[in-house]
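Undergrad: So I've got this file, data_5.cif, and it contains mmCIF, C-alpha atoms and all ligand atoms:
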data_upload
loop_
_atom_site.label_atom_id
_atom_site.label_comp_id
_atom_site.auth_asym_id
_atom_site.auth_seq_id
_atom_site.Cartn_x
_atom_site.Cartn_y
_atom_site.Cartn_z
CA MET L 860 -163.06 -120.39 -33.48
CA LYS L 861 -165.78 -121.82 -35.70
CA ILE L 862 -168.06 -119.64 -37.80
CA PRO L 863 -171.69 -120.89 -37.80
CA ASP L 864 -173.52 -121.71 -41.02
CA VAL L 865 -174.87 -118.47 -42.39
CA ALA L 866 -178.00 -117.93 -44.48
CA PRO L 867 -177.59 -116.09 -47.80
CA GLY L 868 -180.59 -113.92 -46.95
CA GLY L 869 -183.37 -113.18 -44.51
CA ARG L 870 -187.02 -112.69 -45.43
CA ILE L 871 -190.41 -112.07 -43.87
CA LEU L 872 -192.28 -115.36 -43.66
CA GLY L 873 -195.54 -114.11 -42.17
CA LEU L 874 -197.28 -110.96 -40.93
CA GLY L 875 -199.95 -110.34 -38.28
CA HIS L 876 -201.64 -107.44 -36.55
CA TYR L 877 -203.99 -106.54 -33.75
CA GLN L 878 -206.04 -103.46 -32.89
CA PRO L 879 -208.12 -102.88 -29.77
CA ALA L 880 -211.87 -103.04 -30.41
CA ASN L 881 -212.57 -99.57 -29.00
CA ILE L 882 -212.92 -96.98 -31.81
CA VAL L 883 -212.54 -93.29 -30.90
CA THR L 884 -213.76 -90.87 -33.57
CA ASN L 885 -212.79 -87.23 -33.98
CA ASP L 886 -216.27 -86.25 -32.82
CA ASP L 887 -215.72 -88.30 -29.65
CA LEU L 888 -212.55 -86.28 -28.94
CA ALA L 889 -214.30 -83.00 -29.70
CA LYS L 890 -216.69 -83.68 -26.81
CA ASN L 891 -213.80 -83.35 -24.32
CA MET L 892 -211.37 -80.86 -25.90
CA ASP L 893 -211.29 -77.84 -28.19
CA THR L 894 -210.88 -79.63 -31.50
CA ASN L 895 -213.01 -80.72 -34.44
CA ASP L 896 -213.25 -83.33 -37.18
CA GLU L 897 -212.41 -80.85 -39.95
CA TRP L 898 -209.13 -79.73 -38.30
CA ILE L 899 -207.97 -83.27 -37.54
CA GLN L 900 -208.78 -84.66 -40.98
CA SER L 901 -207.25 -81.76 -42.90
CA ARG L 902 -204.08 -81.37 -40.75
CA VAL L 903 -203.35 -84.99 -39.83
CA GLY L 904 -205.60 -87.20 -41.99
CA ILE L 905 -207.10 -89.23 -39.14
CA LYS L 906 -210.82 -90.10 -39.08
CA GLU L 907 -210.73 -92.52 -36.18
CA ARG L 908 -208.26 -94.41 -34.04
CA ARG L 909 -208.21 -97.38 -31.64
CA VAL L 910 -207.63 -96.92 -27.91
CA ALA L 911 -207.10 -99.88 -25.59
CA PRO L 912 -208.94 -100.01 -22.27
CA ASP L 913 -207.00 -100.16 -18.97
CA SER L 914 -207.58 -103.91 -18.91
CA GLU L 915 -205.70 -104.46 -22.20
CA SER L 916 -201.91 -104.15 -21.95
CA LEU L 917 -199.23 -103.55 -24.54
CA GLU L 918 -198.05 -107.13 -23.99
CA ASP L 919 -201.62 -108.40 -24.64
CA MET L 920 -201.72 -106.63 -28.01
CA ALA L 921 -198.16 -107.74 -28.90
CA THR L 922 -198.98 -111.36 -28.06
CA ILE L 923 -202.03 -111.45 -30.33
CA ALA L 924 -200.21 -109.81 -33.26
CA GLY L 925 -197.18 -112.06 -32.73
CA GLY L 926 -199.35 -115.17 -32.60
CA LYS L 927 -201.00 -114.23 -35.89
CA ALA L 928 -197.64 -113.63 -37.59
CA LEU L 929 -196.43 -116.98 -36.32
CA ALA L 930 -199.55 -118.71 -37.69
CA ALA L 931 -199.11 -116.96 -41.05
CA SER L 932 -195.48 -118.11 -41.23
CA GLY L 933 -196.49 -121.76 -40.76
CA LEU L 934 -193.86 -122.16 -38.03
CA SER L 935 -194.42 -123.60 -34.58
CA PRO L 936 -193.33 -121.67 -31.46
CA GLU L 937 -190.44 -124.15 -30.93
CA GLU L 938 -188.87 -122.99 -34.19
CA VAL L 939 -188.46 -119.37 -33.01
CA ASP L 940 -185.24 -118.62 -31.15
CA LEU L 941 -185.27 -114.82 -30.91
CA VAL L 942 -188.06 -112.37 -30.06
CA ILE L 943 -187.69 -108.61 -30.46
CA VAL L 944 -190.38 -106.13 -29.47
CA ALA L 945 -190.04 -102.57 -30.76
CA THR L 946 -191.84 -100.21 -28.39
CA CYS L 947 -191.49 -96.91 -26.55
CA THR L 948 -194.64 -96.98 -24.42
CA LEU L 949 -194.26 -99.76 -21.86
CA GLU L 950 -196.04 -98.95 -18.60
CA THR L 951 -192.89 -99.96 -16.70
CA GLN L 952 -189.28 -100.47 -17.78
CA ILE L 953 -188.80 -103.94 -16.26
CA PRO L 954 -189.43 -106.66 -17.35
CA ASN L 955 -189.11 -106.16 -21.08
CA ALA L 956 -192.07 -107.04 -23.27
CA SER L 957 -190.19 -109.58 -25.42
CA ALA L 958 -189.64 -112.23 -22.74
CA VAL L 959 -193.24 -111.90 -21.51
CA VAL L 960 -194.69 -112.19 -25.00
CA ALA L 961 -192.42 -115.13 -25.90
CA HIS L 962 -193.51 -117.00 -22.78
CA ARG L 963 -197.18 -116.39 -23.51
CA LEU L 964 -196.77 -117.68 -27.06
CA GLY L 965 -195.05 -120.86 -25.86
CA ILE L 966 -191.70 -119.92 -27.40
CA LYS L 967 -189.17 -121.73 -25.22
CA ALA L 968 -186.26 -119.68 -23.83
CA PRO L 969 -185.55 -117.51 -26.90
CA GLY L 970 -183.21 -114.54 -26.94
CA ALA L 971 -185.55 -111.70 -25.97
CA PHE L 972 -184.96 -107.97 -26.01
CA ASP L 973 -186.87 -104.76 -26.69
CA VAL L 974 -185.81 -102.02 -29.09
CA ASN L 975 -186.60 -98.37 -28.42
CA ALA L 976 -186.17 -96.32 -31.55
CA ALA L 977 -189.69 -94.89 -31.16
CA CYS L 978 -191.63 -94.75 -34.43
CA ALA L 979 -188.60 -96.09 -36.35
CA GLY L 980 -188.36 -99.06 -33.97
CA PHE L 981 -189.89 -101.72 -36.20
CA CYS L 982 -187.44 -101.01 -39.04
CA TYR L 983 -184.51 -101.14 -36.59
CA ALA L 984 -185.77 -104.43 -35.15
CA LEU L 985 -186.37 -105.92 -38.61
CA ALA L 986 -182.83 -105.05 -39.69
CA THR L 987 -181.46 -106.60 -36.48
CA ALA L 988 -183.54 -109.75 -37.05
CA SER L 989 -182.36 -110.07 -40.63
CA ALA L 990 -178.72 -109.65 -39.56
CA ALA L 991 -179.17 -112.26 -36.80
CA VAL L 992 -180.57 -114.78 -39.30
CA ARG L 993 -177.91 -114.08 -41.90
CA GLY L 994 -175.11 -114.22 -39.33
CA GLY L 995 -176.27 -117.48 -37.75
CA ALA L 996 -177.23 -115.96 -34.38
CA ALA L 997 -180.87 -117.01 -34.84
CA ARG L 998 -182.85 -119.25 -37.14
CA HIS L 999 -186.28 -117.63 -36.89
CA VAL L 1000 -187.06 -114.27 -35.29
CA LEU L 1001 -190.41 -112.89 -34.18
CA VAL L 1002 -190.35 -109.10 -34.58
CA ILE L 1003 -193.23 -107.13 -33.08
CA GLY L 1004 -194.03 -103.41 -33.07
CA ALA L 1005 -196.46 -102.71 -30.22
CA GLU L 1006 -197.57 -99.48 -28.59
CA LYS L 1007 -200.02 -98.31 -25.99
CA LEU L 1008 -199.55 -94.60 -26.56
CA SER L 1009 -202.84 -93.85 -24.83
CA GLN L 1010 -201.15 -94.42 -21.46
CA TRP L 1011 -198.51 -91.74 -22.20
CA VAL L 1012 -200.79 -89.15 -23.79
CA ASP L 1013 -202.21 -86.18 -21.90
CA TRP L 1014 -205.90 -86.43 -22.78
CA THR L 1015 -206.28 -82.67 -22.22
CA ASP L 1016 -203.53 -81.80 -24.76
CA ARG L 1017 -205.21 -81.49 -28.15
CA SER L 1018 -201.87 -81.26 -29.99
CA THR L 1019 -201.05 -84.90 -29.15
CA ALA L 1020 -204.30 -86.55 -28.02
CA VAL L 1021 -205.84 -86.38 -31.49
CA ILE L 1022 -202.83 -88.08 -33.12
CA PHE L 1023 -201.67 -91.07 -31.12
CA ALA L 1024 -203.30 -94.49 -30.79
CA ASP L 1025 -202.78 -98.12 -29.79
CA GLY L 1026 -202.09 -101.32 -31.72
CA ALA L 1027 -199.55 -103.96 -32.71
CA GLY L 1028 -198.08 -105.50 -35.86
CA ALA L 1029 -195.65 -108.37 -36.25
CA ALA L 1030 -193.45 -110.25 -38.69
CA VAL L 1031 -191.61 -113.56 -38.56
CA VAL L 1032 -188.16 -113.42 -40.16
CA GLY L 1033 -186.35 -116.53 -41.34
CA PRO L 1034 -183.51 -117.68 -43.61
CA SER L 1035 -183.78 -117.57 -47.38
CA GLU L 1036 -181.72 -118.56 -50.42
CA THR L 1037 -182.50 -115.17 -51.99
CA PRO L 1038 -182.63 -111.97 -49.93
CA GLY L 1039 -186.13 -110.75 -49.03
CA ILE L 1040 -185.03 -107.93 -46.71
CA GLY L 1041 -182.79 -105.27 -48.23
CA PRO L 1042 -179.98 -103.38 -46.47
CA VAL L 1043 -181.23 -100.93 -43.87
CA VAL L 1044 -180.46 -97.21 -44.07
CA TRP L 1045 -180.64 -95.86 -40.56
CA GLY L 1046 -179.62 -92.75 -38.66
CA SER L 1047 -180.57 -90.19 -36.06
CA ALA L 1048 -180.65 -86.49 -35.22
CA GLY L 1049 -179.95 -86.29 -31.49
CA ASP L 1050 -179.70 -82.50 -31.71
CA LYS L 1051 -183.50 -82.58 -32.01
CA SER L 1052 -184.06 -84.95 -29.08
CA GLU L 1053 -186.33 -82.44 -27.32
CA ALA L 1054 -188.77 -82.35 -30.23
CA ILE L 1055 -190.61 -85.48 -29.04
CA ALA L 1056 -190.07 -86.39 -25.41
CA ILE L 1057 -191.48 -87.60 -22.13
CA LYS L 1058 -189.48 -85.40 -19.77
CA ASP L 1059 -189.69 -87.55 -16.64
CA ARG L 1060 -191.59 -90.48 -15.19
CA ASP L 1061 -194.47 -88.29 -14.01
CA ASN L 1062 -194.97 -86.68 -17.37
CA PHE L 1063 -196.74 -87.20 -20.70
CA LEU L 1064 -195.49 -87.30 -24.28
CA ARG L 1065 -194.97 -83.78 -25.68
CA GLN L 1066 -194.18 -82.93 -29.28
CA GLU L 1067 -192.96 -79.85 -31.15
CA GLY L 1068 -195.15 -80.76 -34.09
CA GLN L 1069 -193.84 -78.24 -36.61
CA THR L 1070 -190.17 -79.05 -35.92
CA VAL L 1071 -190.82 -82.73 -36.57
CA PHE L 1072 -193.04 -81.99 -39.58
CA ARG L 1073 -190.33 -79.86 -41.25
CA TRP L 1074 -187.64 -82.43 -40.52
CA ALA L 1075 -189.73 -85.32 -41.84
CA THR L 1076 -190.78 -83.58 -45.05
CA THR L 1077 -187.33 -82.21 -45.91
CA THR L 1078 -184.78 -84.84 -44.84
CA LEU L 1079 -186.36 -88.27 -45.22
CA HIS L 1080 -186.94 -88.75 -48.94
CA PRO L 1081 -183.18 -89.20 -49.59
CA VAL L 1082 -183.24 -91.98 -46.97
CA ALA L 1083 -186.10 -93.65 -48.85
CA LEU L 1084 -184.23 -93.36 -52.15
CA GLU L 1085 -181.00 -94.68 -50.63
CA ALA L 1086 -182.83 -97.73 -49.19
CA CYS L 1087 -184.06 -98.50 -52.72
CA GLU L 1088 -180.63 -97.95 -54.22
CA ARG L 1089 -178.89 -100.17 -51.66
CA ALA L 1090 -181.41 -102.94 -52.37
CA GLY L 1091 -180.82 -102.55 -56.13
CA VAL L 1092 -184.48 -101.62 -56.63
CA ASP L 1093 -185.73 -98.71 -58.72
CA PRO L 1094 -188.70 -96.88 -57.10
CA SER L 1095 -190.69 -97.73 -60.25
CA GLU L 1096 -190.44 -101.42 -59.22
CA LEU L 1097 -192.07 -100.91 -55.80
CA ALA L 1098 -195.49 -102.46 -55.23
CA ALA L 1099 -195.98 -100.48 -52.01
CA PHE L 1100 -194.60 -97.62 -49.96
CA VAL L 1101 -195.28 -98.10 -46.26
CA PRO L 1102 -193.95 -95.15 -44.27
CA HIS L 1103 -194.58 -94.59 -40.57
CA GLN L 1104 -198.17 -93.42 -40.22
CA ALA L 1105 -197.37 -90.07 -38.56
CA ASN L 1106 -199.44 -87.63 -40.57
CA LEU L 1107 -201.11 -88.07 -43.97
CA ARG L 1108 -199.53 -84.82 -45.20
CA ILE L 1109 -196.04 -86.15 -44.35
CA ILE L 1110 -196.79 -89.50 -46.02
CA GLU L 1111 -197.95 -87.79 -49.21
CA ALA L 1112 -195.06 -85.31 -49.27
CA ILE L 1113 -192.44 -88.08 -49.04
CA ALA L 1114 -194.36 -90.26 -51.54
CA ARG L 1115 -194.36 -87.40 -54.10
CA LYS L 1116 -190.58 -87.01 -53.79
CA LEU L 1117 -190.03 -90.75 -54.04
CA GLY L 1118 -191.59 -90.84 -57.50
CA ALA L 1119 -193.10 -94.32 -57.24
CA ASP L 1120 -196.44 -93.48 -58.85
CA GLN L 1121 -197.38 -97.12 -59.42
CA ALA L 1122 -196.87 -98.09 -55.76
CA VAL L 1123 -199.79 -98.41 -53.34
CA ILE L 1124 -199.20 -95.84 -50.59
CA ALA L 1125 -200.11 -96.94 -47.05
CA ARG L 1126 -202.73 -94.58 -45.63
CA ASP L 1127 -203.59 -96.70 -42.62
CA ILE L 1128 -203.44 -93.60 -40.42
CA VAL L 1129 -206.96 -92.64 -41.57
CA HIS L 1130 -208.50 -95.44 -39.50
CA ALA L 1131 -205.66 -96.48 -37.17
CA GLY L 1132 -204.10 -93.18 -36.04
CA ASN L 1133 -200.39 -92.90 -35.28
CA THR L 1134 -199.31 -96.08 -33.49
CA SER L 1135 -195.55 -95.35 -33.47
CA ALA L 1136 -193.47 -98.57 -33.77
CA ALA L 1137 -196.62 -100.57 -34.57
CA SER L 1138 -197.71 -98.45 -37.51
CA ILE L 1139 -195.59 -99.99 -40.31
CA PRO L 1140 -196.25 -103.72 -39.64
CA LEU L 1141 -199.87 -102.90 -38.81
CA ALA L 1142 -200.34 -101.05 -42.09
CA LEU L 1143 -198.53 -103.68 -44.21
CA SER L 1144 -200.38 -106.58 -42.61
CA ARG L 1145 -203.74 -104.85 -43.11
CA MET L 1146 -202.90 -104.02 -46.74
CA LEU L 1147 -202.08 -107.68 -47.39
CA GLU L 1148 -205.28 -108.80 -45.64
CA ARG L 1149 -207.39 -106.42 -47.74
CA GLY L 1150 -205.70 -107.61 -50.93
CA GLU L 1151 -204.22 -104.16 -51.70
CA VAL L 1152 -200.76 -105.72 -52.10
CA ARG L 1153 -199.73 -109.18 -53.20
CA SER L 1154 -197.28 -111.72 -51.93
CA GLY L 1155 -193.94 -111.40 -53.73
CA GLY L 1156 -194.25 -107.64 -54.33
CA LEU L 1157 -191.62 -105.23 -53.04
CA ALA L 1158 -192.50 -102.78 -50.26
CA LEU L 1159 -190.37 -99.85 -49.10
CA LEU L 1160 -190.64 -99.35 -45.32
CA LEU L 1161 -189.62 -96.03 -43.74
CA GLY L 1162 -189.80 -95.40 -39.99
CA PHE L 1163 -189.10 -92.05 -38.30
CA GLY L 1164 -189.80 -90.39 -35.00
CA ALA L 1165 -188.53 -89.59 -31.50
CA GLY L 1166 -184.81 -89.49 -30.93
CA LEU L 1167 -185.01 -88.26 -33.57
CA THR L 1168 -184.43 -91.56 -35.36
CA TYR L 1169 -185.11 -92.99 -38.79
CA ALA L 1170 -184.65 -96.28 -40.67
CA GLY L 1171 -185.82 -97.74 -43.95
CA GLN L 1172 -185.45 -100.86 -46.06
CA VAL L 1173 -187.05 -102.65 -49.00
CA VAL L 1174 -188.74 -105.97 -48.18
CA GLU L 1175 -190.46 -108.65 -50.20
CA ILE L 1176 -194.09 -109.04 -49.07
CA PRO L 1177 -194.66 -112.59 -47.74
O1 LIG E 1201 -194.89 -90.08 -34.88
C1 LIG E 1201 -193.77 -89.36 -34.47
C2 LIG E 1201 -193.40 -88.34 -35.45
N1 LIG E 1201 -194.30 -87.24 -35.35
C3 LIG E 1201 -194.65 -86.54 -36.42
O2 LIG E 1201 -194.23 -86.84 -37.50
C4 LIG E 1201 -195.54 -85.33 -36.20
C5 LIG E 1201 -195.19 -84.21 -37.13
N2 LIG E 1201 -196.03 -83.03 -36.93
C6 LIG E 1201 -197.33 -83.00 -37.29
O3 LIG E 1201 -197.87 -83.99 -37.75
C7 LIG E 1201 -198.08 -81.69 -37.17
O4 LIG E 1201 -197.17 -80.67 -36.85
C8 LIG E 1201 -199.23 -81.72 -36.12
C9 LIG E 1201 -200.35 -82.61 -36.62
C10 LIG E 1201 -198.70 -82.24 -34.78
C11 LIG E 1201 -199.80 -80.32 -35.91
O5 LIG E 1201 -200.24 -79.80 -37.16
P1 LIG E 1201 -199.77 -78.35 -37.64
O6 LIG E 1201 -200.39 -78.14 -38.96
O7 LIG E 1201 -198.28 -78.30 -37.57
O8 LIG E 1201 -200.46 -77.42 -36.58
P2 LIG E 1201 -199.80 -76.37 -35.56
O9 LIG E 1201 -199.17 -77.06 -34.42
O10 LIG E 1201 -198.97 -75.40 -36.36
O11 LIG E 1201 -201.08 -75.61 -35.06
C12 LIG E 1201 -201.86 -74.80 -35.94
C13 LIG E 1201 -203.05 -74.26 -35.16
C14 LIG E 1201 -202.70 -73.65 -33.82
O12 LIG E 1201 -203.59 -72.58 -33.58
P3 LIG E 1201 -203.16 -71.06 -33.83
O13 LIG E 1201 -201.99 -70.82 -32.92
O14 LIG E 1201 -202.80 -70.98 -35.28
O15 LIG E 1201 -204.39 -70.30 -33.47
C15 LIG E 1201 -202.97 -74.74 -32.84
O16 LIG E 1201 -203.25 -74.27 -31.53
O17 LIG E 1201 -203.94 -75.34 -34.86
C16 LIG E 1201 -204.18 -75.39 -33.45
N3 LIG E 1201 -204.37 -76.78 -33.05
C17 LIG E 1201 -205.56 -77.40 -33.10
N4 LIG E 1201 -206.77 -76.98 -33.46
C18 LIG E 1201 -207.79 -77.87 -33.41
C19 LIG E 1201 -203.43 -77.66 -32.62
N5 LIG E 1201 -203.98 -78.84 -32.38
C20 LIG E 1201 -205.32 -78.70 -32.68
C21 LIG E 1201 -206.39 -79.59 -32.64
N6 LIG E 1201 -207.61 -79.14 -33.02
N7 LIG E 1201 -206.26 -80.89 -32.25
#
Please, can you express the file's structure as C-alpha cells?
Ligand code: UT7

TA:
Amino acid sequence: MKIPDVAPGGRILGLGHYQPANIVTNDDLAKNMDTNDEWIQSRVGIKERRVAPDSESLEDMATIAGGKALAASGLSPEEVDLVIVATCTLETQIPNASAVVAHRLGIKAPGAFDVNAACAGFCYALATASAAVRGGAARHVLVIGAEKLSQWVDWTDRSTAVIFADGAGAAVVGPSETPGIGPVVWGSAGDKSEAIAIKDRDNFLRQEGQTVFRWATTTLHPVALEACERAGVDPSELAAFVPHQANLRIIEAIARKLGADQAVIARDIVHAGNTSAASIPLALSRMLERGEVRSGGLALLLGFGAGLTYAGQVVEIP
C-alpha cells in the first residue's frame, strides 16, 4: 500500500454567496398571519428575509454561490475534485445536489455528495473537506451550504414561517503549508430529535422552539470554547464569531459567554433570516464583502440545529 502525499493543512481559498432577490418583510407576513414586526424583531431579531420563487431551485442558488466562491479562489473548475453540498431542504432526495451543481459549474466528474446535519451542515462539510485535503483524498473541495426552507415551511404556522428563509453560501478549500481550518468539535443530541422535524413526506417543518432555545443557550458555549482551545486560539484573538443565524437572542447569549469582546459578531439574521446550513457561509461571505472582517483574521464558526446536531471550528478568513 502507498500513502498519498498529504498536505500539512487545509484552508479556505475563497468565499461566495447568493440570496434570492425577493425580500419579505415582517409587515408582509403580518398581512397573512397573526404576527407583527415588534414580536418578530424582539423575539428573533429578523427585520426581513429572502424567499425564492417557485422558479428558483436550491440547486440554482447553490450553483451561483459556488461559482462565486470558485471565482474568489482564483481556481478553474478543472482544479476542483470534490463537491459537497450541505442541505436539509432538497425538494426530492434523488439526485443529490452536489453532482448537479458540479456539472453546472463545469467541474468534471468530481466526488460529489450531500451532507445533512441541518443547520450545522456547513461546519460538518467544511471539516470533511479539510480532512479530505489533508489526507490526500482531494486537492480542492467546493463546499456549499444551500437551503430552500420556504418549500418546507407551513406558511400558516407563525412559529416557523417568520423565522426561516432561503439562500446559499460557499467556500473553496485547498491545501496549505500552515493550517487555516482548525480541528472541528462536533456532536449531537439524538434524544431531542423530535424538537425540529419534518414528520413525513407530506408534512412541513415543525419546531419546539423553547426546547431548542434552551439547549442552544445552555450547552453550546463550551463547544465554542473547545473549538478555540483545540485550534490553540484564545477567544481574545478572534476577529469574528459567526454562529448559525438561528435567533439574535441565541447569538448574543453565546457571544456573551464566549468572552470575545473584540470580535465582530455576525448578525446577518436581521436581513437574511434563518437559512439553516447556508447561514454561516452566507454571513461570513457578506461580512467580508462589506469590509467588516479582513482577510487573514480568525473566525470562529458554530453550527447547530436539527438532529439535534452541532459543530464548530476556527478558520482563517481568506
Ligand atoms: O435553526 C435551527 C435551530 N432553531 C433554533 O435555534 C430556534 C430556537 N428557538 C427560538 O428561536 C424561539 O423559541 C422562537 C423564535 C422559535 C420562539 O420564540 P419564543 O420566545 O420561544 O416564543 P414562544 O414559542 O415561547 O411563544 C411566546 C408567545 C406565544 O403566545 P402565548 O402562548 O404566550 O400567548 C406564542 O403563541 O408568542 C406567540 N407567538 C407569536 N406571536 C406573534 C409565537 N410565534 C409568534 C409570532 N408572532 N410569529

Undergrad: Select the residues contacting ligand LIG 1201 (chain E) at a distance of at most 7 Å, based on all atoms listed in the file, then format the selection as a list in words.

TA: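 Answer in the requested format: Asp893, Thr894, Asn895, Trp898, Ile899, Arg902, Val903, Cys978, Arg1017, Ser1018, Thr1019, Val1021, Ile1022, Gly1068, Gln1069, Val1071, Phe1072, Ala1075, Ala1105, Asn1106, Asn1133, Ser1135, Phe1163, Gly1164 and Ala1165 of chain L.
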
Undergrad: Taking into account all atoms listed in the file, which residue in the set L:Pro1102, L:Gly904, L:Gly1039, L:Pro1034 is nearest to Ala1170 of chain L?

TA: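 Of all the options, L:Pro1102 lies closest to Ala1170 of chain L.
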
Undergrad: Dump as a list in words all residues having an atom at most 8 Å from (-186.7, -104.9, -35.6), computed in the file's coordinates with only C-alpha atoms.

TA: Ile943, Val944, Ala945, Val974, Gly980, Phe981, Cys982, Tyr983, Ala984, Leu985, Ala986, Thr987, Ala988, Val1002, Ile1003 and Gly1004 of chain L

Undergrad: Residues at most 10 Å from Cys1087 of chain L, counting all atoms listed in the file, excluding those fewer than 3 positions away in the same chain, as a PyMOL selection string?

TA: chain L and resi 1041-1044+1081-1084+1090-1094+1096-1097+1117+1158-1160+1171-1174

Undergrad: Using all atoms listed in the file, which protein or nucleic acid residues come within 7 Å of Val942 of chain L? Drop anything in the same chain fewer than 3 positions from it, and give the result as a PyMOL selection string.

TA: chain L and resi 957+961+969-972+1000-1002

Undergrad: Just C-alpha atoms for this one: save the residues we selected as a PDB file, keeping the file's coordinate frame.

TA:
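The result, written out as again39.pdb:
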ATOM      1  CA  SER L 957    -190.190-109.580 -25.420  1.00  0.00           C
ATOM      2  CA  ALA L 961    -192.420-115.130 -25.900  1.00  0.00           C
ATOM      3  CA  PRO L 969    -185.550-117.510 -26.900  1.00  0.00           C
ATOM      4  CA  GLY L 970    -183.210-114.540 -26.940  1.00  0.00           C
ATOM      5  CA  ALA L 971    -185.550-111.700 -25.970  1.00  0.00           C
ATOM      6  CA  PHE L 972    -184.960-107.970 -26.010  1.00  0.00           C
ATOM      7  CA  VAL L1000    -187.060-114.270 -35.290  1.00  0.00           C
ATOM      8  CA  LEU L1001    -190.410-112.890 -34.180  1.00  0.00           C
ATOM      9  CA  VAL L1002    -190.350-109.100 -34.580  1.00  0.00           C
TER      10      VAL L1002
END
